[in-house]
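Asker: I am sharing my_file_19.txt, which consists of compact mmCIF, C-alpha atoms:
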# COMPACT_ATOMS: atom_id res chain seq x y z
CA MET A 1 -35.11 160.05 229.68
CA THR A 2 -33.11 161.90 227.13
CA GLY A 3 -34.01 162.61 223.53
CA PRO A 4 -32.01 161.55 220.52
CA ARG A 5 -28.59 163.20 220.42
CA THR A 6 -27.72 165.40 217.48
CA PRO A 7 -24.53 164.04 215.92
CA ALA A 8 -21.54 166.38 216.15
CA PRO A 9 -20.85 168.20 212.87
CA ARG A 10 -18.02 166.50 211.00
CA ASP A 11 -15.93 169.68 211.00
CA GLU A 12 -16.46 170.54 214.68
CA SER A 13 -12.91 169.76 215.77
CA SER A 14 -11.46 171.75 212.86
CA TRP A 15 -12.80 175.12 214.01
CA ALA A 16 -11.47 177.32 216.81
CA LYS A 17 -13.66 177.51 219.88
CA PRO A 18 -15.33 180.86 220.57
CA ILE A 19 -13.26 183.34 222.55
CA GLU A 20 -13.68 187.02 223.29
CA ARG A 21 -10.01 187.98 223.43
CA LEU A 22 -6.86 186.38 222.08
CA ALA A 23 -4.15 184.73 224.17
CA THR A 24 -1.02 182.96 222.98
CA THR A 25 1.30 180.16 224.07
CA ALA A 26 3.99 181.23 221.58
CA THR A 27 7.32 182.31 223.05
CA GLY A 28 10.50 183.94 221.82
CA ALA A 29 9.08 187.07 220.21
CA SER A 30 10.38 190.42 221.43
CA ALA A 31 6.82 191.66 222.05
CA ASP A 32 3.32 190.27 222.38
CA THR A 33 0.99 192.83 220.80
CA VAL A 34 -1.80 190.30 220.37
CA THR A 35 -2.96 189.16 223.79
CA GLY A 36 -6.23 190.82 224.71
CA LYS A 37 -7.07 191.81 221.13
CA ARG A 38 -9.98 190.53 219.02
CA VAL A 39 -9.78 188.94 215.59
CA SER A 40 -10.44 191.21 212.65
CA GLY A 41 -11.28 189.70 209.27
CA PRO A 42 -11.51 191.28 205.83
CA LEU A 43 -14.97 192.63 206.58
CA GLN A 44 -13.58 194.72 209.46
CA GLY A 45 -10.69 196.34 207.54
CA PHE A 46 -10.34 199.80 205.98
CA GLY A 47 -8.75 199.50 202.54
CA GLN A 48 -9.70 197.97 199.22
CA LEU A 49 -10.59 194.29 199.39
CA TRP A 50 -8.22 192.03 197.49
CA GLN A 51 -8.33 188.32 196.83
CA LYS A 52 -4.81 187.08 196.20
CA THR A 53 -3.98 183.52 195.21
CA PHE A 54 -0.45 182.15 195.10
CA LEU A 55 0.12 178.56 194.04
CA ILE A 56 2.82 176.10 193.13
CA ARG A 57 2.61 172.66 191.54
CA VAL A 58 4.37 169.51 192.63
CA PRO A 59 4.09 165.99 191.15
CA ALA A 60 0.98 164.29 192.58
CA ASP A 61 2.56 160.84 192.43
CA GLU A 62 5.24 162.04 194.87
CA HIS A 63 3.20 164.38 197.04
CA GLN A 64 -0.44 163.80 197.92
CA PRO A 65 -2.42 166.88 199.07
CA GLU A 66 -2.78 165.73 202.68
CA ALA A 67 0.96 165.04 202.91
CA VAL A 68 1.72 168.51 201.51
CA VAL A 69 -0.56 170.19 204.06
CA ALA A 70 0.96 168.16 206.91
CA HIS A 71 4.46 169.14 205.74
CA TRP A 72 3.44 172.79 205.41
CA LYS A 73 1.96 172.88 208.92
CA GLU A 74 4.89 171.15 210.53
CA HIS A 75 7.58 173.33 208.97
CA PHE A 76 5.56 176.51 208.46
CA PRO A 77 8.05 178.95 210.06
CA THR A 78 10.92 177.71 207.91
CA PHE A 79 9.23 178.72 204.66
CA TRP A 80 8.99 182.38 205.55
CA PRO A 81 11.34 184.77 203.74
CA GLU A 82 14.49 185.91 205.48
CA GLY A 83 13.89 188.73 207.96
CA ALA A 84 10.41 187.56 208.96
CA THR A 85 9.86 185.25 211.92
CA PHE A 86 6.86 183.11 212.82
CA TYR A 87 6.74 182.07 216.49
CA ALA A 88 4.52 179.02 216.50
CA PRO A 89 2.27 178.25 219.46
CA LEU A 90 3.32 175.34 221.67
CA SER A 91 0.95 172.83 220.11
CA GLY A 92 1.65 173.99 216.55
CA ILE A 93 -0.91 174.97 213.95
CA GLN A 94 -4.09 173.84 215.68
CA PRO A 95 -7.54 175.47 215.75
CA GLY A 96 -7.71 178.30 218.29
CA GLU A 97 -3.95 178.67 218.68
CA VAL A 98 -2.34 182.09 218.32
CA ALA A 99 1.13 182.59 216.80
CA LEU A 100 3.30 185.68 217.15
CA LEU A 101 5.05 187.26 214.17
CA GLU A 102 7.85 189.70 213.57
CA VAL A 103 7.88 191.08 210.07
CA PRO A 104 9.71 194.01 208.46
CA PRO A 105 7.29 196.75 207.40
CA VAL A 106 9.20 196.94 204.10
CA PRO A 107 11.59 194.29 202.78
CA GLY A 108 15.10 194.69 204.14
CA SER A 109 14.08 197.01 206.96
CA PRO A 110 15.98 196.40 210.21
CA VAL A 111 12.87 197.48 212.14
CA LYS A 112 10.39 194.69 212.84
CA MET A 113 6.65 194.92 213.29
CA SER A 114 5.30 192.66 216.06
CA THR A 115 1.94 191.09 215.41
CA GLY A 116 0.27 187.68 215.28
CA ILE A 117 -2.40 185.46 213.77
CA MET A 118 -5.07 183.12 215.06
CA VAL A 119 -5.52 179.66 213.57
CA ILE A 120 -9.26 179.79 212.97
CA TYR A 121 -9.48 176.45 211.14
CA ALA A 122 -7.27 173.44 210.48
CA ASP A 123 -7.97 170.05 208.96
CA ARG A 124 -5.97 167.58 206.87
CA GLU A 125 -6.47 169.48 203.62
CA SER A 126 -6.24 173.10 204.70
CA PHE A 127 -5.65 175.58 207.49
CA THR A 128 -6.73 179.18 207.87
CA PHE A 129 -5.34 182.19 209.71
CA MET A 130 -7.31 185.24 210.79
CA THR A 131 -5.54 188.46 211.74
CA PRO A 132 -5.98 190.30 215.07
CA GLU A 133 -6.67 193.97 215.64
CA GLY A 134 -3.38 195.82 215.28
CA HIS A 135 -2.21 193.74 212.34
CA ALA A 136 -1.40 195.70 209.17
CA LEU A 137 -4.00 193.67 207.32
CA SER A 138 -7.51 192.55 208.16
CA ALA A 139 -7.29 189.20 206.49
CA TRP A 140 -8.38 185.64 206.14
CA ILE A 141 -5.62 183.45 204.68
CA THR A 142 -6.21 179.84 203.72
CA PHE A 143 -3.41 177.41 202.94
CA SER A 144 -4.55 174.30 201.12
CA ALA A 145 -3.58 171.56 198.70
CA TYR A 146 -5.60 169.71 196.11
CA CYS A 147 -5.17 167.46 193.07
CA ASP A 148 -5.23 168.97 189.59
CA GLY A 149 -4.46 166.34 186.95
CA ASP A 150 -0.96 164.99 187.50
CA ASP A 151 -0.14 167.79 189.91
CA THR A 152 -0.77 168.52 193.52
CA VAL A 153 -1.42 172.23 193.86
CA ALA A 154 -0.33 173.94 197.08
CA GLN A 155 -2.06 177.25 197.46
CA ALA A 156 -2.16 180.27 199.75
CA GLN A 157 -5.24 182.40 199.24
CA ALA A 158 -5.69 185.67 201.07
CA LEU A 159 -8.81 187.75 201.30
CA GLU A 160 -7.46 190.98 202.71
CA ARG A 161 -7.97 194.66 203.32
CA THR A 162 -5.41 196.98 204.84
CA ALA A 163 -6.49 197.60 208.41
CA ASP A 164 -6.24 201.40 208.50
CA PRO A 165 -5.60 204.48 206.32
CA LEU A 166 -1.87 204.67 207.10
CA ILE A 167 -1.27 201.11 205.98
CA GLU A 168 -3.53 201.69 202.94
CA LEU A 169 -1.28 204.61 201.99
CA SER A 170 1.78 202.39 202.28
CA TYR A 171 0.04 199.83 200.05
CA LEU A 172 -0.40 202.48 197.37
CA PHE A 173 3.34 203.19 197.53
CA GLY A 174 4.66 199.66 197.16
CA ALA A 175 3.74 197.66 200.25
CA ASN A 176 1.06 195.78 198.28
CA ARG A 177 3.70 194.47 195.87
CA ALA A 178 6.04 193.72 198.78
CA ASN A 179 3.28 191.66 200.38
CA ASP A 180 2.86 189.69 197.14
CA ALA A 181 6.62 189.08 197.03
CA PHE A 182 6.47 187.78 200.60
CA TRP A 183 3.98 185.06 199.70
CA GLU A 184 5.67 184.26 196.41
CA GLN A 185 8.92 183.66 198.28
CA THR A 186 7.10 181.54 200.88
CA LEU A 187 5.58 179.33 198.16
CA THR A 188 8.96 179.09 196.42
CA ASN A 189 10.56 177.91 199.66
CA LEU A 190 7.77 175.36 200.17
CA ALA A 191 8.20 174.01 196.63
CA ARG A 192 11.97 173.72 197.08
CA SER A 193 11.46 171.78 200.31
CA LEU A 194 9.34 169.35 198.26
CA GLY A 195 12.13 168.83 195.75
CA VAL A 196 11.13 171.27 192.99
CA ALA A 197 14.36 172.66 191.58
CA ALA A 198 12.95 175.71 189.80
CA PRO A 199 9.55 176.52 191.29
CA VAL A 200 7.14 178.72 189.40
CA VAL A 201 4.62 180.60 191.52
CA GLU A 202 1.33 181.42 189.81
CA THR A 203 -0.18 184.60 191.22
CA THR A 204 -3.73 185.85 190.71
CA LYS A 205 -5.00 189.12 192.20
CA VAL A 206 -8.56 190.35 192.07
CA CYS A 207 -9.81 193.58 193.62
CA VAL A 208 -13.16 192.45 195.02
CA ASP A 209 -14.16 195.86 196.39
CA LYS A 210 -12.42 199.08 195.36
CA ARG A 211 -14.08 201.16 198.05
CA ARG A 212 -12.48 202.08 201.34
CA GLN A 213 -14.55 201.43 204.45
CA TRP A 214 -14.39 204.81 206.13
CA LYS A 215 -16.41 203.54 209.08
CA TYR A 216 -13.22 201.70 210.09
CA ILE A 217 -11.00 204.78 210.04
CA ARG A 218 -10.72 204.42 213.82
CA ASN A 219 -8.72 201.23 213.30
CA VAL A 220 -5.82 203.67 213.14
CA ARG A 221 -5.73 203.60 216.96
CA PHE A 222 -4.37 200.03 216.69
CA SER A 223 -2.15 200.82 213.70
CA PRO A 224 1.24 199.13 213.71
CA ALA A 225 2.51 202.19 211.85
CA VAL A 226 1.54 204.43 214.79
CA HIS A 227 2.90 201.89 217.27
CA MET A 228 6.24 201.75 215.47
CA ALA A 229 6.49 205.53 215.17
CA THR A 230 5.71 205.96 218.88
CA SER A 231 8.23 203.30 219.84
CA THR A 232 10.92 204.99 217.74
CA VAL A 233 10.23 208.44 219.17
CA MET A 234 10.20 207.07 222.71
CA LEU A 235 13.37 205.05 222.30
CA PRO A 236 15.76 207.70 223.78
CA VAL A 237 13.45 208.14 226.78
CA ARG A 238 13.40 204.39 227.39
CA MET A 239 17.18 204.21 227.10
CA VAL A 240 17.65 207.00 229.66
CA ARG A 241 15.22 205.31 232.05
CA ARG A 242 16.98 201.99 231.64
CA ARG A 243 20.34 203.58 232.34
CA LYS A 244 19.01 205.24 235.52
CA SER A 245 17.47 202.06 236.91
CA MET B 246 -17.44 162.26 201.69
CA THR B 247 -18.24 165.54 200.01
CA ASP B 248 -21.50 166.63 198.51
CA ARG B 249 -21.08 169.23 195.75
CA LEU B 250 -23.06 172.41 196.33
CA THR B 251 -26.06 173.28 194.22
CA VAL B 252 -27.83 176.59 194.48
CA GLU B 253 -31.49 177.03 193.63
CA VAL B 254 -32.42 180.64 193.02
CA VAL B 255 -35.92 181.35 194.29
CA PRO B 256 -37.29 184.82 193.55
CA ALA B 257 -39.59 186.11 196.25
CA THR B 258 -41.44 189.36 196.63
CA ASP B 259 -40.32 192.90 197.40
CA GLY B 260 -36.86 192.55 195.89
CA GLU B 261 -35.94 189.50 197.92
CA VAL B 262 -34.18 186.53 196.32
CA ARG B 263 -33.55 183.30 198.21
CA LEU B 264 -30.54 181.16 197.40
CA ALA B 265 -31.42 177.64 198.58
CA LEU B 266 -28.06 175.93 199.17
CA ARG B 267 -27.79 172.15 199.13
CA GLY B 268 -24.53 170.28 199.75
CA ASP B 269 -21.13 171.27 201.12
CA VAL B 270 -19.80 174.83 201.15
CA ASN B 271 -16.12 174.28 200.34
CA LEU B 272 -13.64 175.02 197.57
CA ALA B 273 -15.87 173.29 195.01
CA ALA B 274 -18.76 175.62 195.86
CA ASP B 275 -17.12 178.71 194.35
CA GLU B 276 -18.82 178.65 190.97
CA ALA B 277 -22.29 177.69 192.22
CA LEU B 278 -22.29 180.39 194.88
CA ALA B 279 -20.95 183.07 192.52
CA GLU B 280 -23.51 182.17 189.88
CA GLY B 281 -26.31 182.22 192.46
CA TYR B 282 -25.31 185.69 193.62
CA ALA B 283 -24.96 186.89 190.00
CA GLU B 284 -28.49 185.68 189.27
CA ALA B 285 -29.80 187.50 192.34
CA ALA B 286 -28.02 190.62 191.11
CA ARG B 287 -29.55 190.26 187.66
CA ALA B 288 -32.96 190.08 189.34
CA ASN B 289 -32.15 193.42 191.03
CA ALA B 290 -32.50 191.88 194.47
CA THR B 291 -32.24 194.31 197.35
CA ARG B 292 -32.10 191.45 199.82
CA VAL B 293 -30.38 188.09 199.34
CA VAL B 294 -31.37 185.24 201.64
CA LEU B 295 -28.81 182.46 201.98
CA ASP B 296 -30.76 179.38 203.01
CA PHE B 297 -28.42 176.91 204.76
CA ALA B 298 -31.14 174.44 205.80
CA ASP B 299 -29.71 171.72 203.52
CA VAL B 300 -26.04 172.46 204.20
CA GLU B 301 -24.24 170.03 206.50
CA TYR B 302 -20.66 171.15 206.06
CA ILE B 303 -18.88 174.49 205.70
CA ASN B 304 -15.09 174.59 205.86
CA SER B 305 -12.82 177.63 206.03
CA THR B 306 -12.62 177.92 202.25
CA GLY B 307 -16.42 177.96 202.24
CA ILE B 308 -16.47 180.73 204.84
CA ALA B 309 -14.04 182.69 202.63
CA LEU B 310 -16.53 182.36 199.76
CA ILE B 311 -19.29 183.70 202.02
CA VAL B 312 -17.01 186.57 203.15
CA ARG B 313 -16.47 187.41 199.51
CA LEU B 314 -20.18 187.26 198.74
CA LEU B 315 -20.88 189.54 201.70
CA ALA B 316 -18.28 192.02 200.48
CA GLU B 317 -19.85 192.03 197.03
CA ALA B 318 -23.31 192.49 198.53
CA ARG B 319 -22.10 195.44 200.61
CA ARG B 320 -20.48 196.95 197.53
CA ASP B 321 -23.80 196.56 195.69
CA HIS B 322 -25.88 197.82 198.66
CA ARG B 323 -27.71 194.51 199.15
CA GLU B 324 -28.75 193.17 202.51
CA VAL B 325 -27.82 189.56 203.23
CA VAL B 326 -29.77 187.26 205.52
CA ALA B 327 -28.61 183.81 206.66
CA LEU B 328 -31.39 181.32 207.21
CA GLY B 329 -31.46 177.77 208.56
CA LEU B 330 -28.02 177.76 210.19
CA THR B 331 -27.41 175.07 212.80
CA ASP B 332 -26.20 176.15 216.24
CA HIS B 333 -22.70 175.04 215.27
CA TYR B 334 -22.54 177.32 212.25
CA ARG B 335 -24.17 180.20 214.10
CA GLU B 336 -21.23 179.93 216.46
CA ILE B 337 -18.77 179.85 213.54
CA PHE B 338 -20.40 182.94 212.04
CA ARG B 339 -19.91 184.68 215.39
CA ILE B 340 -16.27 183.60 215.82
CA THR B 341 -15.41 184.76 212.33
CA ARG B 342 -17.40 187.99 212.80
CA LEU B 343 -19.53 187.33 209.73
CA SER B 344 -22.48 188.01 211.98
CA ASP B 345 -21.40 191.68 212.05
CA TYR B 346 -22.48 191.87 208.43
CA LEU B 347 -25.54 189.75 207.97
CA THR B 348 -28.77 189.03 209.70
CA ILE B 349 -29.11 185.53 211.12
CA ALA B 350 -32.76 184.54 210.93
CA GLU B 351 -34.46 181.61 212.67
CA SER B 352 -36.62 179.89 210.12
CA SER B 353 -38.00 182.36 207.64
CA ALA B 354 -36.53 185.42 206.00
CA THR B 355 -39.62 187.34 206.91
CA SER B 356 -39.61 186.30 210.55
CA ILE B 357 -38.21 188.63 213.17
CA PRO B 358 -34.44 188.43 212.91
CA GLU B 359 -32.76 186.77 215.86
CA GLU B 360 -29.58 188.76 215.45
CA THR B 361 -29.47 191.93 213.47
CA ALA B 362 -26.40 193.09 211.64
CA ARG B 363 -24.87 196.23 213.04
Could you render the structure from this file as structure tokens?

Answerer:
Amino acid sequence: MTGPRTPAPRDESSWAKPIERLATTATGASADTVTGKRVSGPLQGFGQLWQKTFLIRVPADEHQPEAVVAHWKEHFPTFWPEGATFYAPLSGIQPGEVALLEVPPVPGSPVKMSTGIMVIYADRESFTFMTPEGHALSAWITFSAYCDGDDTVAQAQALERTADPLIELSYLFGANRANDAFWEQTLTNLARSLGVAAPVVETTKVCVDKRRQWKYIRNVRFSPAVHMATSTVMLPVRMVRRRKS
Amino acid sequence: MTDRLTVEVVPATDGEVRLALRGDVNLAADEALAEGYAEAARANATRVVLDFADVEYINSTGIALIVRLLAEARRDHREVVALGLTDHYREIFRITRLSDYLTIAESSATSIPEETAR
């Protein structure tokens, strides 16, 4: 005889299943720097903790929140600014899936940083990405939509720390603003795809914790900055080897 | 159907304050959770116990609010204990690595912690 069954939590299918190490089904990226890594959220990062909110408004009578989120998920890669590429996993933005990314370290740079994200949560009203070790940021980014009066608000909210001291330094010298511009452009592109002719992105930034977490200074061993520098220095060696083989 | 979060602040002894959460931890929980933590801070709590016994639903926005609360507690040198989590949410706390930063207790804040924050 069995006892009464506990009903499954209503959000069970929205969360990623537990895994130790990441693996991806995404293809097309020049490098996979994510497989085998662990996720690393804002609590595991080095730099100051920021909460950044970017939002746009669209008419609610034309676009209901669930429809906006479905549209956002389906066409997510197309909203990214030029020069950045999102390689979606085979089944799209679903809990537990891992996407690969190629992003310029600074806007306009011909060099691309290879990284990824894990979809930690997805339902009809929102979806959330968590960054892996080796990403420039240790972050938790939620994309959602909700009603606010006559508007449907589409929002990207990031809770983020830079992952290591080198990236934190770059943030002090402009990368933080460049990161804001990235999301502002993404929201602008989303709004345009929903028929807004002149989108206005509302941005709110709050520094939740000004302190740096020095216990995570060793994150530098995964730093994309170090990886990129090493790759650049080793480029001639790789070219010679390739020519010989 | 959603159930808006309420937070009852229950002062205990030895600098401990328990936040008894009732309802859903989602976007709408922001104010209640922030106010609960602020009240614990005003009471000079050294340990904040988040009691999830009457919480049935936490979505990713809710987890973000807890991440933020944890960051604030670390900034303010306060220990955080999670109490009354179901197995499902214990698993979520592990996946999201929240469990690195708080103690997950079985049934009472004063009982021996099942998992201790590193």

Asker: Every residue with an atom at most 8 Å from (-29.5, 184.5, 205.8) (file coordinates; all atoms listed in the file) is what I'm after, so could you write them as a VMD selection string?

Answerer: chain B and resid 293 to 297 325 to 329 347 to 350 354

Asker: How many Å separate CA of Tyr302 (chain B) from CA of Arg57 (chain A)?

Answerer: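 One can read the CA of Tyr302 (chain B) to CA of Arg57 (chain A) distance as 27.5 Å.
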
Asker: Hey, what's within 12 Å of Ala318 (chain B) if we count only C-alpha atoms and toss same-chain stuff fewer than 6 positions away? As a count of residues only, please?

Answerer: 22

Asker: Taking only residues of chain B that have an atom at most 8 Å from an atom of chain A, what is each one's shortest atom pair and its distance in Å to one decimal, using only C-alpha atoms, in chain and number order, as CSV?

Answerer:
residue,atom,partner,partner_atom,distance
B:Glu301,CA,A:Pro9,CA,7.4
B:Tyr302,CA,A:Asp11,CA,7.0
B:Ile303,CA,A:Asp11,CA,7.7
B:Asn304,CA,A:Asp11,CA,7.2
B:Ser305,CA,A:Tyr121,CA,6.2
B:Thr306,CA,A:Thr142,CA,6.9
B:Ala309,CA,A:Trp140,CA,7.3
B:Val312,CA,A:Leu43,CA,7.3
B:Arg313,CA,A:Val208,CA,7.5
B:Ala316,CA,A:Asp209,CA,7.0
B:Glu317,CA,A:Asp209,CA,6.9
B:Arg320,CA,A:Asp209,CA,6.5
B:His333,CA,A:Pro9,CA,7.5
B:Glu336,CA,A:Pro18,CA,7.3
B:Ile337,CA,A:Trp15,CA,7.6
B:Arg339,CA,A:Pro18,CA,7.9
B:Ile340,CA,A:Pro18,CA,5.6
B:Thr341,CA,A:Gly41,CA,7.1
B:Arg342,CA,A:Gly41,CA,7.3
B:Leu343,CA,A:Leu43,CA,7.7
B:Tyr346,CA,A:Leu43,CA,7.8

Asker: Around (-5.6, 198.8, 209.7), as given in the file, which residues come within 9 Å? Count only C-alpha atoms and list them as a VMD selection string.

Answerer: chain A and resid 44 to 47 133 to 138 161 to 168 216 to 224

Asker: I'd like the neighbourhood of Arg267 (chain B) as an mmCIF file with C-alpha atoms, keeping the file's coordinate frame, where a residue qualifies if any of its atoms comes within 7 Å (using all atoms listed in the file), though same-chain residues fewer than 3 positions away should be ignored.

Answerer:
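Result written to out-v6.cif:
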data_model
loop_
_atom_site.group_PDB
_atom_site.id
_atom_site.type_symbol
_atom_site.label_atom_id
_atom_site.label_comp_id
_atom_site.auth_asym_id
_atom_site.auth_seq_id
_atom_site.Cartn_x
_atom_site.Cartn_y
_atom_site.Cartn_z
ATOM 1 C CA LEU B 250 -23.060 172.410 196.330
ATOM 2 C CA THR B 251 -26.060 173.280 194.220
ATOM 3 C CA VAL B 252 -27.830 176.590 194.480
ATOM 4 C CA ASP B 299 -29.710 171.720 203.520
ATOM 5 C CA VAL B 300 -26.040 172.460 204.200
#

Asker: Write out as JSON, numbers by chain each polymer residue whose atoms come within 7 Å of Thr115 (chain A), counting all atoms listed in the file; drop sequence neighbours fewer than 3 positions from it.

Answerer: {"A": [33, 34, 100, 101, 102, 135]}

Asker: Take the residues from that selection and write them out as an mmCIF file, in the frame of the given file, keeping C-alpha atoms.

Answerer:
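Produced file selection26.cif, reproduced below:
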data_model
loop_
_atom_site.group_PDB
_atom_site.id
_atom_site.type_symbol
_atom_site.label_atom_id
_atom_site.label_comp_id
_atom_site.auth_asym_id
_atom_site.auth_seq_id
_atom_site.Cartn_x
_atom_site.Cartn_y
_atom_site.Cartn_z
ATOM 1 C CA THR A 33 0.990 192.830 220.800
ATOM 2 C CA VAL A 34 -1.800 190.300 220.370
ATOM 3 C CA LEU A 100 3.300 185.680 217.150
ATOM 4 C CA LEU A 101 5.050 187.260 214.170
ATOM 5 C CA GLU A 102 7.850 189.700 213.570
ATOM 6 C CA HIS A 135 -2.210 193.740 212.340
#

Asker: Adding 6 Å on each side of the box along x, y and z that holds all listed atoms of region 21-35 of chain A, could you give its centre and edge lengths in Å to one decimal, as JSON?

Answerer:
{"center_x": 0.2, "center_y": 186.5, "center_z": 222.2, "size_x": 32.5, "size_y": 24.7, "size_z": 16.0}

Asker: With only C-alpha atoms as the counted atoms, please give the residues lying no more than 8 Å from region 175-186 of chain A, apart from itself and same-chain residues fewer than 2 positions off, as a list in words.

Answerer: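 Surrounding residues, per the criterion: Phe54, Phe79, Trp80, Pro81, Val106, Pro107, Ala156, Ser170, Tyr171, Leu172, Phe173, Thr188, Asn189, Leu190, Val201 and Thr203 of chain A.
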
Asker: Once you have the residues from the selection above, write them out as a PDB file, in the frame of the given file, restricted to C-alpha atoms.

Answerer:
ATOM      1  CA  PHE A  54      -0.450 182.150 195.100  1.00  0.00           C
ATOM      2  CA  PHE A  79       9.230 178.720 204.660  1.00  0.00           C
ATOM      3  CA  TRP A  80       8.990 182.380 205.550  1.00  0.00           C
ATOM      4  CA  PRO A  81      11.340 184.770 203.740  1.00  0.00           C
ATOM      5  CA  VAL A 106       9.200 196.940 204.100  1.00  0.00           C
ATOM      6  CA  PRO A 107      11.590 194.290 202.780  1.00  0.00           C
ATOM      7  CA  ALA A 156      -2.160 180.270 199.750  1.00  0.00           C
ATOM      8  CA  SER A 170       1.780 202.390 202.280  1.00  0.00           C
ATOM      9  CA  TYR A 171       0.040 199.830 200.050  1.00  0.00           C
ATOM     10  CA  LEU A 172      -0.400 202.480 197.370  1.00  0.00           C
ATOM     11  CA  PHE A 173       3.340 203.190 197.530  1.00  0.00           C
ATOM     12  CA  THR A 188       8.960 179.090 196.420  1.00  0.00           C
ATOM     13  CA  ASN A 189      10.560 177.910 199.660  1.00  0.00           C
ATOM     14  CA  LEU A 190       7.770 175.360 200.170  1.00  0.00           C
ATOM     15  CA  VAL A 201       4.620 180.600 191.520  1.00  0.00           C
ATOM     16  CA  THR A 203      -0.180 184.600 191.220  1.00  0.00           C
TER      17      THR A 203
END
